[in-house]
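Accompanying notes for the structure given below.
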Amino acid sequence: MDDDAGAHSDTTARGEASRLGELADLAGQWLALSAATGARHTGAVVADRFDRIAWHDTYAQSAALRELADELGERHAHAADLLTDTFMAAYKAAPRLREGAEMEHSRLVNHRVVAALLESPDFAELHRETAGDPYAAAMAVLAQGTALRRMLDDTRATRDRDERAGRARRDAGDAATAVAEALRRAADEAGEDGTVPGPAADAVRQAVRNAEAAAGRAAADAGQALAVAVPGVRAAARDAVAKSSAAARKEAALMRAWGVGSGELERMSFDERARLAERLRTGRLAEWAELIGRFRQMADGERARKVENATGELIGVTLGDDLSRVIPSELANLGLPALRAVFAARYAAGELMLYDSQGEQATGRGAVIACVDTSHSMYEAGPGGITREAWAKACALALLDQARHAGRDFVGIVFSAADKLRVFRFPAGRPAALAHTLDFTETFLGGGTSYQRPLTAAGELLEEEFNDTARTRGDIVMLTDDDCGVTEEWMRGWNEAKRRLGFRVFGVGIGAPRVAAAGSVLEALCDNLRSVEDFTDVHAAADLFRVI
């Protein structure tokens with residue numbers, strides 16, 4: 001018997017009886033093909049059960065994802081699988097793409113699209129923001145929606161070719177199954193000696209010839225489908241990844257600027273996080289997130305420069321007997337019995353090494369109160385297009401951080417005219433709710449400017465704190481761009497309150513040097529006063545964060 005099954009089928013006379021074993025050998029390769037034609041993969045990115053749970057949960061929570069799936073479904077029957085693959089590529093820590101030959105032909109376009117996304121130059125940067133974060137991965141999918149629509153439109157002809165290859169493969173599988181069925185019927189008709197009647201044997205040979213032809217067509221179509229290059233897909237993928245990467249970076253920076261940590265984000269539901277992101281993107285200070293972030297970073301650095309229990313700014317080391325300013329290496333001598341006597345002698349002689357500082361007073365201990373002017377003139381923009389309001393509120397947010405690091409209450413007072421004022425309290429013992437912080441920063445009252453109303457409110461708050469806790473030495477920071485008068489009677493009461501409660505007043509004239517000029521009302525009210533004209537310079541207020 002010839003080794004080639006096709007040659008054997010051509011040289012056997014039609015109608016001639018055959019041995020069942022010969023027919024079984026002839027049909028063997030097609031029986032194997034029939035067994036191997038099970039379902040191929042519909043997902044281009046390898047995913048486990050937990051990955052799929054993350055996708056299904058996210059999809060169920062996101063109306064935008066479902067709307068995108070419906071829209072893409074009008075272009076592509078398997079758009080849902082494409083969205084799943086796009087999500088997995090962004091979400092998985094190390095996404096792995098299947099070989100094209102493992103895919104159902106109807107999903108080859110998904111494979112091409114996802115491969116193009118993974119190969120894009122900006123994908124690694126995008127992936128740093130999305131890996132392991134279902135919300136960020138979903139936002140990346142949505143940001144790529146326009147490009148996905150375009151890529152599906154560009155691959156319409158290719159999808160038709162893939163569908164033909166899929167039909168040819170299914171036909172080949174059906175033909176192989178027909179071989180198995182013909183061989184089964186031949187076995188039923190075979191005699192005791194294994195001889196198969198001619199018609200039954202012919203049916204097996206014809207089924208083999210049909211299977212050969214179908215397999216040839218399937219192989220040709222599959223080769224064409226796998227080799228095809230789709231114009232425009234790579235360019236569209238590069239554009240999509242670049243845009244989604246920029247959006248992911250911007251949102252991550254926005255969250256960091258507002259002090260929203262990854263742990264807090266993980267505790268939020270999808271809808272809560274989406275609403276928060278939308279509010280941060282569209283709020284009054286959305287475009288100044290970078291300024292807010294720089295202010296907070298500057299304040300962190302200034303806090304690191306502070307020396308606890310030392311007076312003023314650290315400038316070096318001196319000698320003396322003030323135990324509150326002894327440097328650590330001197331204190332270490334107390335831990336060695338042999339050096340304790342030396343420490344005592346140096347203390348008696350006033351020769352202990354101490355931190356030396358100058359120019360600044362000790363930090364306060366009562367509440368920190370930021371009075372933020374929101375009169376109409378605070379709309380005015382300065383260098384870099386930054387408004388006076390944006391600078392003032394970025395400074396106020398950094399003061400909020402400062403108070404919380406020191407375990408002090410913080411109060412934000414938003415004011416303008418005498419009849420316009422709002423108070424936002426942030427007690428030290430409670431977490432600062434982000435929604436409350438946003439309410440504070442987004443409040444803008446408009447109108448004119450009154451000093452007496454906000455400062456009176458601030459004094460009353462410090463009086464209340466003193467009565468409740470006996471704490472004094474609070475700090476008030478007045479952030480304004482306008483000058484206005486106060487009555488002599490009010491000024492006398494103000495000075496008496498300062499003496500009794502021991503609080504300090506810091507003034508910042510924003511974009512208006514005359515407000516902080518010598519002889520101004522603000523100068524008379526404040527213990528420490530400065531003027532800011534370059535709103536891009538957050539360090540103009542740096543010393544506040546060393547003494548407050």
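Naming works like this for the structure tokens: A, B, ... for the chains as they're shown, residue 1 at the start of each chain, ligands 1 onward in shown order.
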Residues of range 413-463 of chain A within 8 Å of range 390-409 of chain A: nearest atom pair and distance (Å, one decimal) for each, counting only C-alpha atoms, sorted by chain and number, as JSON lines?
{"residue": "A:Arg425", "atom": "CA", "partner": "A:Asp409", "partner_atom": "CA", "distance": 7.8}
{"residue": "A:Phe426", "atom": "CA", "partner": "A:Asp409", "partner_atom": "CA", "distance": 6.0}
{"residue": "A:Pro427", "atom": "CA", "partner": "A:Asp409", "partner_atom": "CA", "distance": 4.7}
{"residue": "A:Ala428", "atom": "CA", "partner": "A:Asp409", "partner_atom": "CA", "distance": 4.5}
{"residue": "A:Gly429", "atom": "CA", "partner": "A:Gly407", "partner_atom": "CA", "distance": 7.7}
{"residue": "A:Thr441", "atom": "CA", "partner": "A:Lys393", "partner_atom": "CA", "distance": 6.2}
Would you save the residues from that selection as a PDB file, in the first residue's frame, using N, CA, C and O atoms?
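New file result-v5.pdb:
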ATOM      1  N   ARG A 425     -13.962  74.225  58.579  1.00  0.00           N
ATOM      2  CA  ARG A 425     -13.143  73.704  59.679  1.00  0.00           C
ATOM      3  C   ARG A 425     -12.571  72.335  59.343  1.00  0.00           C
ATOM      4  O   ARG A 425     -13.262  71.478  58.791  1.00  0.00           O
ATOM      5  N   PHE A 426     -11.307  72.127  59.749  1.00  0.00           N
ATOM      6  CA  PHE A 426     -10.636  70.838  59.560  1.00  0.00           C
ATOM      7  C   PHE A 426      -9.977  70.462  60.892  1.00  0.00           C
ATOM      8  O   PHE A 426      -8.790  70.751  61.118  1.00  0.00           O
ATOM      9  N   PRO A 427     -10.738  69.827  61.818  1.00  0.00           N
ATOM     10  CA  PRO A 427     -10.174  69.471  63.121  1.00  0.00           C
ATOM     11  C   PRO A 427      -8.992  68.510  62.984  1.00  0.00           C
ATOM     12  O   PRO A 427      -8.978  67.629  62.107  1.00  0.00           O
ATOM     13  N   ALA A 428      -8.025  68.663  63.860  1.00  0.00           N
ATOM     14  CA  ALA A 428      -6.811  67.842  63.785  1.00  0.00           C
ATOM     15  C   ALA A 428      -7.096  66.365  64.006  1.00  0.00           C
ATOM     16  O   ALA A 428      -6.412  65.509  63.455  1.00  0.00           O
ATOM     17  N   GLY A 429      -8.101  66.057  64.814  1.00  0.00           N
ATOM     18  CA  GLY A 429      -8.343  64.663  65.160  1.00  0.00           C
ATOM     19  C   GLY A 429      -9.141  63.871  64.144  1.00  0.00           C
ATOM     20  O   GLY A 429      -9.433  62.695  64.361  1.00  0.00           O
ATOM     21  N   THR A 441     -11.755  75.070  48.500  1.00  0.00           N
ATOM     22  CA  THR A 441     -10.952  75.673  47.433  1.00  0.00           C
ATOM     23  C   THR A 441     -11.805  76.189  46.276  1.00  0.00           C
ATOM     24  O   THR A 441     -11.391  77.110  45.560  1.00  0.00           O
TER      25      THR A 441
END
Requested in this report: List the neighbours of Ala124 in chain A out to 12 Å using only C-alpha atoms; skip same-chain residues closer than 4 positions along the sequence, and give me the result as a list in words.
Outcome: Ala89, Ala90, Ala93, Ala94, Pro95, Leu117, Leu118, Glu119, Ser120, Arg128, Glu129, Thr130, Ala131, Arg238, Val241, Ala242, Ser244 and Ser245 of chain A
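Minimum distance to Ala348 in chain A across A:Met255, A:Ala274, A:Leu319, A:Ala370 (counting only C-alpha atoms) occurs at A:Leu319.
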Query raised in the report: Which parts of range 216-438 of chain A does DSSP call alpha helix (DSSP H) when run on the backbone here, written out as a PyMOL selection string?
Result: chain A and resi 216-227+233-257+262-266+270-282+289-305+328-332+337-348+388-405+434-438
Query raised in the report: Do you know which residues are at most 8 Å from Thr449 in chain A counting only C-alpha atoms, after dropping those on the same chain fewer than 4 positions away, and could you put them as a PyMOL selection string?
Result: chain A and resi 373+375+415-418+482-484
Query raised in the report: If we count only C-alpha atoms, what is near range 511-528 of chain A at a cut-off of 10 Å, once residues fewer than 5 positions away on the same chain are taken out, given as a PyMOL selection string?
Result: chain A and resi 360+378+380-383+387-388+391+451+455+476-478+480-486+491+494-495+503-506+533-535+544
Query - Interatomic distance (Å, one decimal) between CA of Val532 in chain A and CA of Arg296 in chain A - result: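 One can read the CA of Val532 in chain A to CA of Arg296 in chain A distance as 17.4 Å.
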So that I can see what lies close to range 77-83 of chain A, please list as a PDB file with all heavy atoms, in the first residue's frame the residues with an atom at most 8 Å from it, counting only C-alpha atoms and leaving out residues fewer than 2 positions away in the same chain.
ATOM      1  N   THR A  42     -10.498  32.858  21.961  1.00  0.00           N
ATOM      2  CA  THR A  42     -11.180  34.086  21.563  1.00  0.00           C
ATOM      3  C   THR A  42     -10.543  35.314  22.204  1.00  0.00           C
ATOM      4  O   THR A  42     -10.855  36.438  21.825  1.00  0.00           O
ATOM      5  CB  THR A  42     -12.664  34.043  21.965  1.00  0.00           C
ATOM      6  OG1 THR A  42     -12.759  33.852  23.385  1.00  0.00           O
ATOM      7  CG2 THR A  42     -13.377  32.903  21.251  1.00  0.00           C
ATOM      8  N   GLY A  43      -9.638  35.101  23.156  1.00  0.00           N
ATOM      9  CA  GLY A  43      -8.939  36.206  23.815  1.00  0.00           C
ATOM     10  C   GLY A  43      -7.503  36.277  23.344  1.00  0.00           C
ATOM     11  O   GLY A  43      -6.780  35.283  23.401  1.00  0.00           O
ATOM     12  N   ALA A  69     -18.913  49.483  24.076  1.00  0.00           N
ATOM     13  CA  ALA A  69     -19.068  48.121  23.556  1.00  0.00           C
ATOM     14  C   ALA A  69     -20.239  48.045  22.581  1.00  0.00           C
ATOM     15  O   ALA A  69     -20.142  47.404  21.528  1.00  0.00           O
ATOM     16  CB  ALA A  69     -19.269  47.145  24.717  1.00  0.00           C
ATOM     17  N   LEU A  72     -19.136  49.860  19.285  1.00  0.00           N
ATOM     18  CA  LEU A  72     -18.186  49.069  18.498  1.00  0.00           C
ATOM     19  C   LEU A  72     -18.829  47.799  17.981  1.00  0.00           C
ATOM     20  O   LEU A  72     -18.445  47.276  16.922  1.00  0.00           O
ATOM     21  CB  LEU A  72     -16.957  48.722  19.346  1.00  0.00           C
ATOM     22  CG  LEU A  72     -16.087  49.905  19.807  1.00  0.00           C
ATOM     23  CD1 LEU A  72     -14.879  49.398  20.578  1.00  0.00           C
ATOM     24  CD2 LEU A  72     -15.639  50.746  18.630  1.00  0.00           C
ATOM     25  N   GLY A  73     -19.834  47.289  18.715  1.00  0.00           N
ATOM     26  CA  GLY A  73     -20.531  46.079  18.289  1.00  0.00           C
ATOM     27  C   GLY A  73     -21.254  46.265  16.968  1.00  0.00           C
ATOM     28  O   GLY A  73     -21.509  45.284  16.247  1.00  0.00           O
ATOM     29  N   GLU A  74     -21.577  47.509  16.613  1.00  0.00           N
ATOM     30  CA  GLU A  74     -22.204  47.771  15.319  1.00  0.00           C
ATOM     31  C   GLU A  74     -21.207  47.653  14.171  1.00  0.00           C
ATOM     32  O   GLU A  74     -21.587  47.488  13.018  1.00  0.00           O
ATOM     33  CB  GLU A  74     -22.816  49.179  15.320  1.00  0.00           C
ATOM     34  CG  GLU A  74     -23.942  49.341  16.352  1.00  0.00           C
ATOM     35  CD  GLU A  74     -24.438  50.778  16.431  1.00  0.00           C
ATOM     36  OE1 GLU A  74     -23.895  51.616  15.665  1.00  0.00           O
ATOM     37  OE2 GLU A  74     -25.339  51.050  17.230  1.00  0.00           O
ATOM     38  N   ARG A  75     -19.902  47.720  14.512  1.00  0.00           N
ATOM     39  CA  ARG A  75     -18.861  47.613  13.503  1.00  0.00           C
ATOM     40  C   ARG A  75     -18.256  46.217  13.441  1.00  0.00           C
ATOM     41  O   ARG A  75     -17.779  45.797  12.388  1.00  0.00           O
ATOM     42  CB  ARG A  75     -17.727  48.611  13.810  1.00  0.00           C
ATOM     43  CG  ARG A  75     -18.090  50.068  13.631  1.00  0.00           C
ATOM     44  CD  ARG A  75     -16.952  50.938  14.166  1.00  0.00           C
ATOM     45  NE  ARG A  75     -17.037  52.331  13.732  1.00  0.00           N
ATOM     46  CZ  ARG A  75     -17.774  53.247  14.311  1.00  0.00           C
ATOM     47  NH1 ARG A  75     -18.532  52.909  15.363  1.00  0.00           N
ATOM     48  NH2 ARG A  75     -17.792  54.480  13.863  1.00  0.00           N
ATOM     49  N   ASP A  85      -9.645  42.393  25.652  1.00  0.00           N
ATOM     50  CA  ASP A  85      -8.205  42.309  25.384  1.00  0.00           C
ATOM     51  C   ASP A  85      -7.513  43.648  25.628  1.00  0.00           C
ATOM     52  O   ASP A  85      -6.407  43.697  26.174  1.00  0.00           O
ATOM     53  CB  ASP A  85      -7.966  41.869  23.936  1.00  0.00           C
ATOM     54  CG  ASP A  85      -8.186  40.379  23.733  1.00  0.00           C
ATOM     55  OD1 ASP A  85      -7.957  39.613  24.685  1.00  0.00           O
ATOM     56  OD2 ASP A  85      -8.580  39.980  22.624  1.00  0.00           O
ATOM     57  N   THR A  86      -8.155  44.743  25.229  1.00  0.00           N
ATOM     58  CA  THR A  86      -7.562  46.062  25.420  1.00  0.00           C
ATOM     59  C   THR A  86      -7.418  46.366  26.908  1.00  0.00           C
ATOM     60  O   THR A  86      -6.405  46.915  27.360  1.00  0.00           O
ATOM     61  CB  THR A  86      -8.424  47.145  24.737  1.00  0.00           C
ATOM     62  OG1 THR A  86      -8.670  46.768  23.386  1.00  0.00           O
ATOM     63  CG2 THR A  86      -7.724  48.481  24.752  1.00  0.00           C
ATOM     64  N   PHE A  87      -8.430  45.990  27.694  1.00  0.00           N
ATOM     65  CA  PHE A  87      -8.371  46.163  29.155  1.00  0.00           C
ATOM     66  C   PHE A  87      -7.254  45.306  29.745  1.00  0.00           C
ATOM     67  O   PHE A  87      -6.464  45.784  30.570  1.00  0.00           O
ATOM     68  CB  PHE A  87      -9.714  45.780  29.763  1.00  0.00           C
ATOM     69  CG  PHE A  87      -9.727  45.766  31.273  1.00  0.00           C
ATOM     70  CD1 PHE A  87      -9.982  46.916  31.999  1.00  0.00           C
ATOM     71  CD2 PHE A  87      -9.484  44.591  31.976  1.00  0.00           C
ATOM     72  CE1 PHE A  87      -9.996  46.905  33.387  1.00  0.00           C
ATOM     73  CE2 PHE A  87      -9.505  44.565  33.363  1.00  0.00           C
ATOM     74  CZ  PHE A  87      -9.752  45.722  34.068  1.00  0.00           C
ATOM     75  N   SER A 106     -12.028  34.650  13.487  1.00  0.00           N
ATOM     76  CA  SER A 106     -12.904  35.811  13.623  1.00  0.00           C
ATOM     77  C   SER A 106     -12.370  36.830  14.629  1.00  0.00           C
ATOM     78  O   SER A 106     -12.835  37.966  14.672  1.00  0.00           O
ATOM     79  CB  SER A 106     -14.299  35.361  14.050  1.00  0.00           C
ATOM     80  OG  SER A 106     -14.235  34.654  15.280  1.00  0.00           O
ATOM     81  N   ARG A 107     -11.358  36.414  15.456  1.00  0.00           N
ATOM     82  CA  ARG A 107     -10.763  37.330  16.439  1.00  0.00           C
ATOM     83  C   ARG A 107      -9.360  37.775  16.040  1.00  0.00           C
ATOM     84  O   ARG A 107      -8.673  38.431  16.823  1.00  0.00           O
ATOM     85  CB  ARG A 107     -10.663  36.653  17.802  1.00  0.00           C
ATOM     86  CG  ARG A 107     -11.860  36.651  18.743  1.00  0.00           C
ATOM     87  CD  ARG A 107     -13.163  36.422  18.172  1.00  0.00           C
ATOM     88  NE  ARG A 107     -14.177  36.170  19.195  1.00  0.00           N
ATOM     89  CZ  ARG A 107     -15.075  35.210  19.100  1.00  0.00           C
ATOM     90  NH1 ARG A 107     -15.115  34.417  18.015  1.00  0.00           N
ATOM     91  NH2 ARG A 107     -15.987  35.039  20.040  1.00  0.00           N
ATOM     92  N   ASN A 110      -8.777  41.433  16.404  1.00  0.00           N
ATOM     93  CA  ASN A 110      -8.523  41.830  17.793  1.00  0.00           C
ATOM     94  C   ASN A 110      -7.048  41.641  18.125  1.00  0.00           C
ATOM     95  O   ASN A 110      -6.424  42.488  18.776  1.00  0.00           O
ATOM     96  CB  ASN A 110      -9.368  41.007  18.758  1.00  0.00           C
ATOM     97  CG  ASN A 110     -10.858  41.187  18.537  1.00  0.00           C
ATOM     98  OD1 ASN A 110     -11.283  41.962  17.684  1.00  0.00           O
ATOM     99  ND2 ASN A 110     -11.662  40.474  19.306  1.00  0.00           N
ATOM    100  N   VAL A 114      -4.524  44.662  19.320  1.00  0.00           N
ATOM    101  CA  VAL A 114      -3.863  44.629  20.629  1.00  0.00           C
ATOM    102  C   VAL A 114      -2.344  44.536  20.453  1.00  0.00           C
ATOM    103  O   VAL A 114      -1.585  45.162  21.206  1.00  0.00           O
ATOM    104  CB  VAL A 114      -4.396  43.464  21.486  1.00  0.00           C
ATOM    105  CG1 VAL A 114      -3.634  43.366  22.801  1.00  0.00           C
ATOM    106  CG2 VAL A 114      -5.878  43.668  21.765  1.00  0.00           C
ATOM    107  N   VAL A 141      -8.871  52.292  28.218  1.00  0.00           N
ATOM    108  CA  VAL A 141      -9.714  51.732  27.150  1.00  0.00           C
ATOM    109  C   VAL A 141     -10.625  52.812  26.577  1.00  0.00           C
ATOM    110  O   VAL A 141     -10.754  52.963  25.352  1.00  0.00           O
ATOM    111  CB  VAL A 141     -10.548  50.545  27.681  1.00  0.00           C
ATOM    112  CG1 VAL A 141     -11.534  50.067  26.617  1.00  0.00           C
ATOM    113  CG2 VAL A 141      -9.635  49.398  28.100  1.00  0.00           C
TER     114      VAL A 141
END
Query raised in the report: Expressed in Å to a single decimal, how great is the separation between CA of Ala542 in chain A and CA of Met298 in chain A?
Result: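 Distance reported for this atom pair: 7.2 Å.
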Query raised in the report: Quick one: of A:His127, A:Lys250, A:Arg273, A:Lys243, who's nearest to Gln61 in chain A, counting only C-alpha atoms?
Result: A:Arg273
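Excluding Arg365 in chain A itself and any same-chain residue fewer than 2 positions from it, the protein and nucleic acid residues within 8 Å of it, counting only C-alpha atoms, are A:Thr363, A:Ala367, A:Arg408, A:Arg471, A:Thr472, A:Arg473, A:Gly474.
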